[in-house]
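Asker: The following file, model_1.txt, comprises compact mmCIF, C-alpha atoms:
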# COMPACT_ATOMS: atom_id res chain seq x y z
CA MET Q 1 39.64 4.57 51.82
CA THR Q 2 38.26 7.38 53.98
CA ILE Q 3 38.96 7.52 57.68
CA GLU Q 4 35.32 6.63 58.43
CA HIS Q 5 35.74 3.28 56.63
CA SER Q 6 38.98 2.39 58.40
CA ARG Q 7 38.88 -0.31 61.03
CA PRO Q 8 40.51 1.80 63.79
CA PHE Q 9 37.93 4.57 63.38
CA ARG Q 10 35.00 2.14 63.48
CA VAL Q 11 36.45 0.36 66.51
CA GLY Q 12 36.93 3.74 68.21
CA MET Q 13 33.30 4.65 67.54
CA GLY Q 14 32.20 1.33 69.00
CA ALA Q 15 34.44 1.70 72.05
CA GLY Q 16 33.13 5.21 72.71
CA LEU Q 17 29.55 4.00 72.39
CA PHE Q 18 30.29 1.19 74.85
CA LEU Q 19 31.88 3.43 77.50
CA ILE Q 20 29.32 6.23 77.34
CA THR Q 21 26.43 3.77 77.44
CA SER Q 22 27.95 1.89 80.39
CA VAL Q 23 27.98 5.05 82.48
CA ALA Q 24 24.52 6.16 81.33
CA PHE Q 25 23.06 2.86 82.59
CA LEU Q 26 24.99 2.41 85.86
CA ARG Q 27 22.02 3.38 87.99
CA ALA Q 28 19.55 0.48 87.45
CA PRO Q 29 20.70 -1.91 90.23
CA LEU Q 30 21.34 1.08 92.52
CA LEU Q 31 17.70 2.22 92.49
CA PRO Q 32 16.65 0.63 95.80
CA GLU Q 33 19.64 2.19 97.61
CA ILE Q 34 18.98 5.55 95.96
CA GLY Q 35 15.37 5.34 97.10
CA ARG Q 36 16.32 4.60 100.70
CA ASP Q 37 18.95 7.34 100.77
CA LEU Q 38 16.80 10.06 99.20
CA GLY Q 39 13.40 8.94 100.49
CA LEU Q 40 11.93 7.92 97.12
CA SER Q 41 9.11 5.39 96.71
CA ALA Q 42 8.64 3.08 93.70
CA LEU Q 43 6.79 5.94 92.02
CA GLY Q 44 9.72 8.29 92.65
CA LEU Q 45 12.23 5.75 91.36
CA GLY Q 46 10.14 5.35 88.23
CA ALA Q 47 10.27 9.13 87.84
CA ILE Q 48 14.09 8.94 87.63
CA GLY Q 49 13.72 6.76 84.55
CA SER Q 50 11.16 9.16 83.16
CA ALA Q 51 13.49 12.15 83.70
CA PHE Q 52 16.20 10.27 81.80
CA ALA Q 53 13.70 9.55 79.02
CA LEU Q 54 12.55 13.18 78.95
CA GLY Q 55 16.13 14.23 78.27
CA ARG Q 56 16.34 11.72 75.44
CA LEU Q 57 13.03 12.93 74.06
CA ALA Q 58 14.08 16.58 74.12
CA ALA Q 59 17.27 15.80 72.17
CA ASP Q 60 15.90 13.41 69.53
CA PHE Q 61 15.04 15.85 66.74
CA PRO Q 62 18.01 18.22 67.28
CA ALA Q 63 20.45 15.30 67.35
CA GLY Q 64 18.86 13.74 64.28
CA ASN Q 65 19.15 16.95 62.24
CA ILE Q 66 22.67 17.74 63.40
CA THR Q 67 24.10 14.27 62.76
CA ASP Q 68 23.58 14.65 58.99
CA ARG Q 69 26.09 17.51 58.84
CA THR Q 70 28.38 17.08 61.87
CA ARG Q 71 31.53 15.01 62.12
CA PRO Q 72 30.86 11.77 64.04
CA GLY Q 73 33.72 12.36 66.47
CA ILE Q 74 32.31 15.75 67.44
CA MET Q 75 28.92 14.15 68.11
CA MET Q 76 30.53 11.56 70.38
CA ALA Q 77 32.75 14.07 72.21
CA THR Q 78 29.71 16.25 72.92
CA ALA Q 79 27.76 13.23 74.15
CA ALA Q 80 30.57 12.09 76.44
CA SER Q 81 30.87 15.56 77.98
CA ILE Q 82 27.13 15.74 78.73
CA VAL Q 83 26.97 12.24 80.23
CA ALA Q 84 30.06 12.88 82.35
CA ALA Q 85 28.55 16.08 83.75
CA GLY Q 86 25.23 14.36 84.45
CA SER Q 87 26.83 11.37 86.16
CA LEU Q 88 28.95 13.62 88.38
CA MET Q 89 25.87 15.67 89.34
CA PHE Q 90 23.99 12.42 90.04
CA GLY Q 91 26.68 11.09 92.35
CA LEU Q 92 27.01 14.35 94.28
CA ALA Q 93 23.27 15.09 94.47
CA PRO Q 94 22.24 16.38 97.93
CA ALA Q 95 18.52 15.91 97.24
CA ALA Q 96 16.15 14.05 94.95
CA PHE Q 97 15.41 16.99 92.65
CA VAL Q 98 19.12 17.17 91.70
CA VAL Q 99 19.00 13.49 90.75
CA PHE Q 100 16.10 14.22 88.40
CA ILE Q 101 18.06 17.05 86.74
CA ALA Q 102 21.12 14.81 86.41
CA ALA Q 103 19.05 12.01 84.90
CA PHE Q 104 17.64 14.49 82.36
CA ALA Q 105 21.17 15.56 81.36
CA MET Q 106 22.29 11.96 81.01
CA GLY Q 107 19.28 11.31 78.79
CA VAL Q 108 20.33 14.16 76.48
CA GLY Q 109 23.86 12.74 76.30
CA SER Q 110 22.49 9.26 75.66
CA THR Q 111 20.47 10.44 72.67
CA TRP Q 112 23.45 12.36 71.28
CA THR Q 113 25.53 9.17 71.56
CA LEU Q 114 22.99 6.83 70.05
CA THR Q 115 21.85 9.02 67.16
CA GLY Q 116 25.39 9.89 66.06
CA SER Q 117 26.74 6.35 66.27
CA MET Q 118 23.56 4.77 64.89
CA ALA Q 119 23.70 6.94 61.77
CA PHE Q 120 27.42 6.25 61.37
CA PHE Q 121 27.06 2.46 61.40
CA ALA Q 122 23.82 2.46 59.37
CA ARG Q 123 25.61 4.17 56.46
CA ALA Q 124 27.59 1.00 55.72
CA PRO Q 125 27.00 -0.58 52.26
CA ARG Q 126 23.64 -2.36 52.04
CA VAL Q 127 25.15 -5.85 51.66
CA ARG Q 128 26.81 -5.63 55.08
CA ARG Q 129 24.53 -3.09 56.75
CA GLY Q 130 22.88 -5.70 58.95
CA MET Q 131 26.20 -6.84 60.38
CA SER Q 132 27.36 -3.22 60.73
CA MET Q 133 24.28 -2.51 62.81
CA SER Q 134 24.99 -5.69 64.77
CA PHE Q 135 28.38 -4.24 65.69
CA PHE Q 136 26.61 -1.06 66.77
CA ALA Q 137 24.09 -3.08 68.79
CA ALA Q 138 26.83 -5.23 70.34
CA ALA Q 139 28.70 -2.15 71.58
CA LEU Q 140 25.47 -0.57 72.82
CA LEU Q 141 24.14 -3.70 74.50
CA ALA Q 142 27.50 -4.59 76.01
CA GLY Q 143 27.49 -1.12 77.57
CA GLN Q 144 23.97 -1.61 78.84
CA ALA Q 145 25.10 -4.94 80.34
CA VAL Q 146 28.45 -3.91 81.81
CA GLY Q 147 27.11 -0.64 83.23
CA PRO Q 148 24.49 -2.23 85.52
CA ALA Q 149 26.81 -5.12 86.38
CA MET Q 150 29.59 -2.76 87.49
CA GLY Q 151 27.10 -0.50 89.21
CA GLY Q 152 25.66 -3.43 91.15
CA LEU Q 153 29.07 -4.77 92.18
CA ALA Q 154 30.29 -1.33 93.24
CA GLY Q 155 27.01 -0.65 95.04
CA ALA Q 156 27.43 -3.86 97.05
CA VAL Q 157 30.85 -2.69 98.31
CA TRP Q 158 30.52 1.10 98.47
CA ASP Q 159 27.81 3.72 98.65
CA TRP Q 160 25.75 4.12 95.46
CA ARG Q 161 27.35 7.51 94.85
CA VAL Q 162 30.82 6.05 94.29
CA PRO Q 163 30.11 4.32 90.95
CA MET Q 164 28.29 7.40 89.63
CA VAL Q 165 31.26 9.69 90.34
CA ALA Q 166 33.75 7.12 89.04
CA GLY Q 167 31.69 6.73 85.88
CA ALA Q 168 31.84 10.47 85.26
CA ILE Q 169 35.64 10.36 85.38
CA VAL Q 170 35.84 7.36 83.03
CA VAL Q 171 33.54 8.75 80.35
CA ALA Q 172 35.18 12.20 80.45
CA ALA Q 173 38.45 10.50 79.50
CA VAL Q 174 37.13 9.57 76.01
CA VAL Q 175 36.47 13.20 75.00
CA PRO Q 176 40.07 13.97 73.93
CA MET Q 177 40.17 10.81 71.80
CA PHE Q 178 37.27 12.00 69.65
CA LEU Q 179 38.44 15.61 69.48
CA ARG Q 180 41.84 14.49 68.15
CA ASN Q 181 40.30 12.36 65.38
CA PRO Q 182 36.73 13.53 64.66
CA GLY Q 183 36.39 12.27 61.08
CA THR Q 184 34.43 14.20 58.45
CA ALA Q 185 30.79 15.23 58.23
CA SER Q 186 28.39 12.96 56.38
CA GLN Q 187 27.97 13.64 52.69
CA SER Q 188 24.72 11.73 52.48
CA SER Q 189 22.31 14.63 52.96
CA PRO Q 190 20.34 15.05 49.72
CA THR Q 191 20.69 18.12 47.57
CA ALA Q 192 17.56 19.85 46.29
CA ALA Q 193 17.98 18.22 42.87
CA THR Q 194 18.45 14.76 44.37
CA ALA Q 195 15.46 15.19 46.68
CA ALA Q 196 13.29 16.15 43.72
CA ILE Q 197 13.91 12.87 41.90
CA THR Q 198 14.13 10.59 44.94
CA PRO Q 199 10.76 9.18 46.05
CA SER Q 200 9.95 9.51 49.73
CA PRO Q 201 9.62 6.26 51.68
CA PRO Q 202 5.98 5.10 51.96
CA ARG Q 203 4.32 6.72 54.96
CA LEU Q 204 2.71 3.51 56.19
CA THR Q 205 6.06 1.72 56.05
CA LEU Q 206 7.72 4.55 57.96
CA ALA Q 207 4.93 4.52 60.56
CA VAL Q 208 5.44 0.81 61.22
CA ILE Q 209 9.21 1.23 61.49
CA TYR Q 210 8.78 4.20 63.83
CA LEU Q 211 6.73 2.01 66.19
CA LEU Q 212 9.52 -0.55 66.64
CA PRO Q 213 11.60 1.45 69.15
CA ALA Q 214 8.42 2.21 71.12
CA VAL Q 215 7.96 -1.52 71.69
CA GLN Q 216 11.57 -2.18 72.67
CA PHE Q 217 12.05 0.96 74.76
CA SER Q 218 8.79 0.34 76.65
CA ILE Q 219 9.97 -3.11 77.67
CA GLY Q 220 13.41 -1.85 78.58
CA ALA Q 221 12.16 1.13 80.61
CA ALA Q 222 9.16 -0.39 82.35
CA LEU Q 223 10.55 -3.84 83.07
CA ILE Q 224 14.31 -4.24 82.78
CA GLN Q 225 15.31 -0.85 84.19
CA THR Q 226 12.45 -0.29 86.64
CA LEU Q 227 10.38 -3.29 87.73
CA VAL Q 228 13.12 -5.93 87.51
CA PRO Q 229 15.28 -4.33 90.27
CA ILE Q 230 12.23 -3.27 92.30
CA VAL Q 231 10.69 -6.77 92.22
CA ALA Q 232 14.07 -8.30 93.07
CA ASP Q 233 14.32 -6.11 96.17
CA ASP Q 234 10.66 -6.16 97.29
CA GLU Q 235 9.60 -9.73 96.48
CA LEU Q 236 12.70 -11.88 96.06
CA GLY Q 237 15.14 -10.36 98.56
CA LEU Q 238 17.92 -10.08 95.98
CA GLY Q 239 20.66 -7.48 96.46
CA PRO Q 240 22.16 -5.05 93.95
CA ALA Q 241 25.02 -7.43 93.04
CA THR Q 242 22.55 -10.14 91.94
CA VAL Q 243 20.44 -7.62 90.03
CA GLY Q 244 23.54 -6.28 88.33
CA LEU Q 245 24.63 -9.81 87.42
CA ALA Q 246 21.19 -10.62 85.98
CA LEU Q 247 21.13 -7.44 83.91
CA GLY Q 248 24.70 -8.13 82.80
CA LEU Q 249 23.85 -11.64 81.64
CA GLY Q 250 20.77 -10.23 79.96
CA GLY Q 251 23.07 -7.82 78.13
CA VAL Q 252 25.16 -10.75 76.91
CA ALA Q 253 21.96 -12.36 75.62
CA ARG Q 254 21.09 -9.12 73.83
CA VAL Q 255 24.49 -9.08 72.13
CA VAL Q 256 23.98 -12.67 70.96
CA GLY Q 257 20.51 -11.81 69.67
CA ALA Q 258 21.84 -8.73 67.84
CA VAL Q 259 24.64 -10.64 66.10
CA VAL Q 260 22.29 -13.43 65.01
CA ALA Q 261 19.72 -10.89 63.83
CA GLY Q 262 22.36 -9.04 61.80
CA ARG Q 263 23.44 -12.20 60.01
CA VAL Q 264 19.85 -13.25 59.35
CA SER Q 265 19.00 -9.73 58.17
CA ASP Q 266 21.77 -9.70 55.56
CA THR Q 267 21.17 -13.29 54.45
CA TRP Q 268 17.40 -13.85 54.46
CA GLY Q 269 15.91 -10.39 54.87
CA ARG Q 270 15.04 -7.85 57.53
CA ARG Q 271 11.64 -9.26 58.54
CA TRP Q 272 13.08 -12.70 59.31
CA ALA Q 273 15.36 -11.07 61.85
CA LEU Q 274 12.58 -8.93 63.33
CA ILE Q 275 9.59 -11.24 63.83
CA PRO Q 276 11.27 -13.96 66.00
CA GLY Q 277 12.68 -11.26 68.28
CA LEU Q 278 9.28 -9.69 68.86
CA ALA Q 279 7.78 -13.12 69.57
CA MET Q 280 10.47 -13.90 72.14
CA GLN Q 281 9.92 -10.59 73.93
CA THR Q 282 6.19 -11.26 74.09
CA GLY Q 283 6.91 -14.60 75.77
CA GLY Q 284 9.28 -12.99 78.28
CA LEU Q 285 6.68 -10.35 79.12
CA ALA Q 286 4.06 -13.03 79.77
CA ILE Q 287 6.39 -14.94 82.09
CA PHE Q 288 7.22 -11.83 84.11
CA ALA Q 289 3.53 -10.93 84.41
CA VAL Q 290 2.05 -14.25 85.52
CA VAL Q 291 4.81 -16.43 87.02
CA SER Q 292 6.30 -15.64 90.44
CA GLY Q 293 9.60 -16.70 91.93
CA ALA Q 294 13.29 -16.22 91.21
CA PRO Q 295 13.56 -18.81 88.35
CA ALA Q 296 10.79 -17.08 86.38
CA TRP Q 297 12.43 -13.71 87.10
CA TRP Q 298 15.68 -14.95 85.55
CA VAL Q 299 13.98 -16.60 82.56
CA SER Q 300 11.94 -13.50 81.78
CA ILE Q 301 15.07 -11.32 81.80
CA MET Q 302 16.83 -13.67 79.38
CA ALA Q 303 13.85 -13.88 77.00
CA LEU Q 304 13.24 -10.14 77.03
CA SER Q 305 16.92 -9.52 76.41
CA LEU Q 306 17.53 -12.11 73.70
CA GLY Q 307 14.60 -10.79 71.68
CA SER Q 308 15.70 -7.12 71.85
CA VAL Q 309 16.48 -6.65 68.16
CA ALA Q 310 13.72 -4.27 67.06
CA VAL Q 311 15.78 -1.07 67.16
CA ASN Q 312 18.82 -2.26 65.23
CA VAL Q 313 16.75 -4.13 62.61
CA GLY Q 314 14.41 -1.14 62.31
CA THR Q 315 17.39 1.19 61.83
CA THR Q 316 18.72 -1.08 59.10
CA MET Q 317 15.35 -0.95 57.35
CA LEU Q 318 15.25 2.83 57.69
CA ALA Q 319 18.76 3.13 56.22
CA ASP Q 320 17.65 0.97 53.26
CA LEU Q 321 14.84 3.43 52.57
CA THR Q 322 16.99 6.57 52.88
CA GLU Q 323 20.15 5.71 50.99
CA GLN Q 324 19.92 8.96 49.02
CA GLY Q 325 20.21 11.00 52.22
CA GLY Q 326 18.33 12.35 55.21
CA LEU Q 327 18.91 9.34 57.46
CA GLY Q 328 19.60 11.50 60.52
CA ARG Q 329 16.34 13.42 60.11
CA HIS Q 330 14.35 10.16 59.96
CA LEU Q 331 16.29 8.78 62.92
CA GLY Q 332 15.09 11.77 64.93
CA ALA Q 333 11.46 10.74 64.44
CA PHE Q 334 12.35 7.04 64.84
CA ARG Q 335 13.96 7.64 68.21
CA PHE Q 336 11.29 10.13 69.30
CA THR Q 337 8.56 7.48 69.30
CA GLY Q 338 10.74 5.15 71.33
CA ASP Q 339 11.77 7.80 73.80
CA LEU Q 340 8.16 8.91 74.24
CA ALA Q 341 7.38 5.38 75.40
CA PHE Q 342 10.59 5.43 77.45
CA LEU Q 343 9.31 8.57 79.18
CA ILE Q 344 5.85 7.27 80.02
CA THR Q 345 6.34 3.61 80.94
CA PRO Q 346 8.76 3.82 83.92
CA ILE Q 347 6.58 6.15 85.96
CA VAL Q 348 3.38 4.33 84.94
CA SER Q 349 4.80 0.92 85.77
CA GLY Q 350 6.24 2.21 89.07
CA ALA Q 351 2.88 3.71 90.03
CA LEU Q 352 0.91 0.60 89.08
CA TYR Q 353 3.34 -1.60 90.99
CA GLU Q 354 3.09 0.61 94.06
CA PHE Q 355 -0.71 0.59 94.01
CA GLY Q 356 -1.49 -2.84 92.61
CA GLY Q 357 1.54 -5.14 92.62
CA ARG Q 358 3.55 -6.78 89.87
CA THR Q 359 0.79 -8.54 87.90
CA ILE Q 360 -1.36 -5.44 87.59
CA SER Q 361 1.57 -3.23 86.59
CA THR Q 362 2.73 -5.52 83.79
CA ARG Q 363 -0.74 -6.26 82.50
CA ARG Q 364 -1.77 -2.62 82.34
CA CYS Q 365 1.59 -1.13 81.35
CA PRO Q 366 1.68 0.27 77.77
CA CYS Q 367 4.57 -2.05 76.99
CA SER Q 368 2.14 -5.00 76.99
CA LEU Q 369 0.14 -3.56 74.11
Reformat the file's structure so that it appears as structure tokens.
Answerer:
Amino acid sequence: MTIEHSRPFRVGMGAGLFLITSVAFLRAPLLPEIGRDLGLSALGLGAIGSAFALGRLAADFPAGNITDRTRPGIMMATAASIVAAGSLMFGLAPAAFVVFIAAFAMGVGSTWTLTGSMAFFARAPRVRRGMSMSFFAAALLAGQAVGPAMGGLAGAVWDWRVPMVAGAIVVAAVVPMFLRNPGTASQSSPTAATAAITPSPPRLTLAVIYLLPAVQFSIGAALIQTLVPIVADDELGLGPATVGLALGLGGVARVVGAVVAGRVSDTWGRRWALIPGLAMQTGGLAIFAVVSGAPAWWVSIMALSLGSVAVNVGTTMLADLTEQGGLGRHLGAFRFTGDLAFLITPIVSGALYEFGGRTISTRRCPCSL
């Protein structure tokens, strides 16, 4: 058994993914305080999310190409270093433009983390690939839940800068762990002879799969990470601790949805895991758009979160189509479409909310298409 197939190595990869993601997503419930401190409007706060997404977008193709020939531990150590530097810069930022640069850096580190770990878990044998991706999604989503929850709790007690600086210290501590035990580079990249006899995945199928992260990332960027905390502050009078709690519980719902989707994917097929999730997210989007009040706010977060399975199911499908090699290269394009939506939707939704209110912003936002 190779080190990559050992339980300790897989657990270590999951733990690193969890910690790095937690720090990368600390900022969501802190947005209103950041805005007041640095003089940013809803449009400016949306631009922070877009700067983060721009960093992810810039790193998608390089990370995808590199992950096919780089040891997984090196990918994760690099990612942790970048996120730690970005989080420290964020917490010490004297002006808004430094926050935008820091968010860009954290976006680069986020992509490096996700692409490397996503490829690692997707290379599991086909019969348990769905559950392997569920483990990936559980670590990722737990990080996306714990990060905002801890950020909100810390922001309620201290200045918003404290959790960002503390997060930098925590994530920097995982770098030595990966450098000591980096594993070996993937051997799945196809040789010229193998590529000649291996048919390429159908282009239409790839196009549909590539659209899946665009749907999920649009919802996450425009609603969960941008409008949910802004609406809570502007319309409902909820503080950062409540927003962090809501996003944390939503993260738990996303973990549950990912585990169920993984089991369904391996047992009944990939589409039966995908379609119910998309339907649930559509319902959550409709509730957020047309129903006011705190109960609807909570219900929409839970529905949007529970149905967030498109990326991990889509990655499983992509791994099925690329078993002869080149998964990382396809993951670059897969993530690029999602991160392009992640770049556009926060600033668009922030602008529409500022000029037209919540209903207009959710009805016109690209994530509703």
Asker: Got a sec: who's within 10 Å of Gly14 in chain Q, counting all atoms listed in the file, leaving out chain neighbours fewer than 2 positions off, as a ChimeraX atom specification?
Answerer: /Q:8-12,16-19,117,121,135-140
Asker: Here is a test: counting only C-alpha atoms, which residue of Q:Val83, Q:Ala173, Q:Leu331, Q:Leu321 is nearest to Arg126 in chain Q?
Answerer: Q:Leu321
Asker: Out of Q:Leu340, Q:Ala294, Q:Ala310, Q:Ala77, which residue has the shortest atom-to-atom distance to Leu179 in chain Q when counting all atoms listed in the file?
Answerer: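 Closest to Leu179 in chain Q, using all atoms listed in the file: Q:Ala77.
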Asker: Considering all atoms listed in the file, can you say which of Q:Leu352, Q:Leu343, Q:Ala119, Q:Leu31 comes closest to Gly326 in chain Q?
Answerer: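 Using all atoms listed in the file, the shortest distance to Gly326 in chain Q belongs to Q:Ala119.
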Asker: Hey, can you check how far CA of Ile74 in chain Q sits from CA of Arg180 in chain Q?
Answerer: 9.6 Å
Asker: At a cut-off of 6 Å, using all atoms listed in the file, what residues contact Leu26 in chain Q? Leave out same-chain residues fewer than 4 positions from it and give the result as a PyMOL selection string.
Answerer: chain Q and resi 147-148+151
Asker: If we count all atoms listed in the file and set the cut-off at 10 Å, which residues sit around Asp339 in chain Q, ignoring sequence neighbours fewer than 5 positions away in its own chain? Please answer as a PDB file with C-alpha atoms, in the coordinates of the input.
Answerer:
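This went into result.pdb:
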ATOM      1  CA  SER Q  50      11.160   9.160  83.160  1.00  0.00           C
ATOM      2  CA  PHE Q  52      16.200  10.270  81.800  1.00  0.00           C
ATOM      3  CA  ALA Q  53      13.700   9.550  79.020  1.00  0.00           C
ATOM      4  CA  LEU Q  54      12.550  13.180  78.950  1.00  0.00           C
ATOM      5  CA  GLY Q  55      16.130  14.230  78.270  1.00  0.00           C
ATOM      6  CA  ARG Q  56      16.340  11.720  75.440  1.00  0.00           C
ATOM      7  CA  LEU Q  57      13.030  12.930  74.060  1.00  0.00           C
ATOM      8  CA  ALA Q  58      14.080  16.580  74.120  1.00  0.00           C
ATOM      9  CA  ALA Q  59      17.270  15.800  72.170  1.00  0.00           C
ATOM     10  CA  ASP Q  60      15.900  13.410  69.530  1.00  0.00           C
ATOM     11  CA  GLY Q 107      19.280  11.310  78.790  1.00  0.00           C
ATOM     12  CA  THR Q 111      20.470  10.440  72.670  1.00  0.00           C
ATOM     13  CA  PRO Q 213      11.600   1.450  69.150  1.00  0.00           C
ATOM     14  CA  ALA Q 214       8.420   2.210  71.120  1.00  0.00           C
ATOM     15  CA  PHE Q 217      12.050   0.960  74.760  1.00  0.00           C
ATOM     16  CA  SER Q 218       8.790   0.340  76.650  1.00  0.00           C
ATOM     17  CA  ALA Q 221      12.160   1.130  80.610  1.00  0.00           C
ATOM     18  CA  ALA Q 333      11.460  10.740  64.440  1.00  0.00           C
ATOM     19  CA  PHE Q 334      12.350   7.040  64.840  1.00  0.00           C
ATOM     20  CA  ILE Q 344       5.850   7.270  80.020  1.00  0.00           C
ATOM     21  CA  THR Q 345       6.340   3.610  80.940  1.00  0.00           C
TER      22      THR Q 345
END
Asker: Might you pull out every residue within 6 Å of Ser300 in chain Q, with all atoms listed in the file counted and same-chain residues fewer than 6 positions away left off, and present them as a count of residues only?
Answerer: 3
Asker: Separation of CA of Ala232 in chain Q and CA of Phe104 in chain Q, in Å?
Answerer: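 Calculated distance between CA of Ala232 in chain Q and CA of Phe104 in chain Q is 25.4 Å.
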Asker: Identify which of the residues Q:Arg36, Q:Arg263, Q:Arg254, Q:Arg123 lies closest to Pro72 in chain Q, counting only C-alpha atoms when measuring atom-to-atom distances.
Answerer: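 Ranking Q:Arg36, Q:Arg263, Q:Arg254, Q:Arg123 by distance to Pro72 in chain Q, first place goes to Q:Arg123.
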Asker: Please report the interatomic distance between CA of Gly251 in chain Q and CA of Ser305 in chain Q in Å with one decimal.
Answerer: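 Answer for the CA of Gly251 in chain Q to CA of Ser305 in chain Q separation: 6.6 Å.
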Asker: Give me range 308-319 of chain Q with N, CA, C and O atoms filled in, as an mmCIF file, in the coordinates of the input.
Answerer:
data_model
loop_
_atom_site.group_PDB
_atom_site.id
_atom_site.type_symbol
_atom_site.label_atom_id
_atom_site.label_comp_id
_atom_site.auth_asym_id
_atom_site.auth_seq_id
_atom_site.Cartn_x
_atom_site.Cartn_y
_atom_site.Cartn_z
ATOM 1 N N SER Q 308 15.606 -8.581 72.030
ATOM 2 C CA SER Q 308 15.700 -7.120 71.850
ATOM 3 C C SER Q 308 16.459 -6.756 70.581
ATOM 4 O O SER Q 308 17.603 -6.300 70.636
ATOM 5 N N VAL Q 309 15.819 -6.940 69.438
ATOM 6 C CA VAL Q 309 16.480 -6.650 68.160
ATOM 7 C C VAL Q 309 15.714 -5.617 67.335
ATOM 8 O O VAL Q 309 16.134 -5.266 66.236
ATOM 9 N N ALA Q 310 14.592 -5.125 67.867
ATOM 10 C CA ALA Q 310 13.720 -4.270 67.060
ATOM 11 C C ALA Q 310 14.396 -2.983 66.615
ATOM 12 O O ALA Q 310 14.222 -2.540 65.478
ATOM 13 N N VAL Q 311 15.189 -2.371 67.498
ATOM 14 C CA VAL Q 311 15.780 -1.070 67.160
ATOM 15 C C VAL Q 311 16.843 -1.206 66.086
ATOM 16 O O VAL Q 311 16.857 -0.452 65.101
ATOM 17 N N ASN Q 312 17.767 -2.170 66.235
ATOM 18 C CA ASN Q 312 18.820 -2.260 65.230
ATOM 19 C C ASN Q 312 18.301 -2.775 63.888
ATOM 20 O O ASN Q 312 18.737 -2.305 62.827
ATOM 21 N N VAL Q 313 17.338 -3.695 63.884
ATOM 22 C CA VAL Q 313 16.750 -4.130 62.610
ATOM 23 C C VAL Q 313 15.941 -3.000 61.997
ATOM 24 O O VAL Q 313 15.994 -2.753 60.785
ATOM 25 N N GLY Q 314 15.186 -2.275 62.826
ATOM 26 C CA GLY Q 314 14.410 -1.140 62.310
ATOM 27 C C GLY Q 314 15.305 -0.060 61.734
ATOM 28 O O GLY Q 314 14.982 0.555 60.703
ATOM 29 N N THR Q 315 16.451 0.200 62.369
ATOM 30 C CA THR Q 315 17.390 1.190 61.830
ATOM 31 C C THR Q 315 17.949 0.741 60.498
ATOM 32 O O THR Q 315 18.118 1.548 59.574
ATOM 33 N N THR Q 316 18.242 -0.545 60.373
ATOM 34 C CA THR Q 316 18.720 -1.080 59.100
ATOM 35 C C THR Q 316 17.686 -0.877 58.006
ATOM 36 O O THR Q 316 18.008 -0.462 56.879
ATOM 37 N N MET Q 317 16.427 -1.150 58.317
ATOM 38 C CA MET Q 317 15.350 -0.950 57.350
ATOM 39 C C MET Q 317 15.222 0.523 56.977
ATOM 40 O O MET Q 317 15.021 0.871 55.806
ATOM 41 N N LEU Q 318 15.357 1.401 57.950
ATOM 42 C CA LEU Q 318 15.250 2.830 57.690
ATOM 43 C C LEU Q 318 16.404 3.301 56.814
ATOM 44 O O LEU Q 318 16.211 4.123 55.903
ATOM 45 N N ALA Q 319 17.611 2.780 57.057
ATOM 46 C CA ALA Q 319 18.760 3.130 56.220
ATOM 47 C C ALA Q 319 18.568 2.640 54.788
ATOM 48 O O ALA Q 319 18.968 3.311 53.827
#
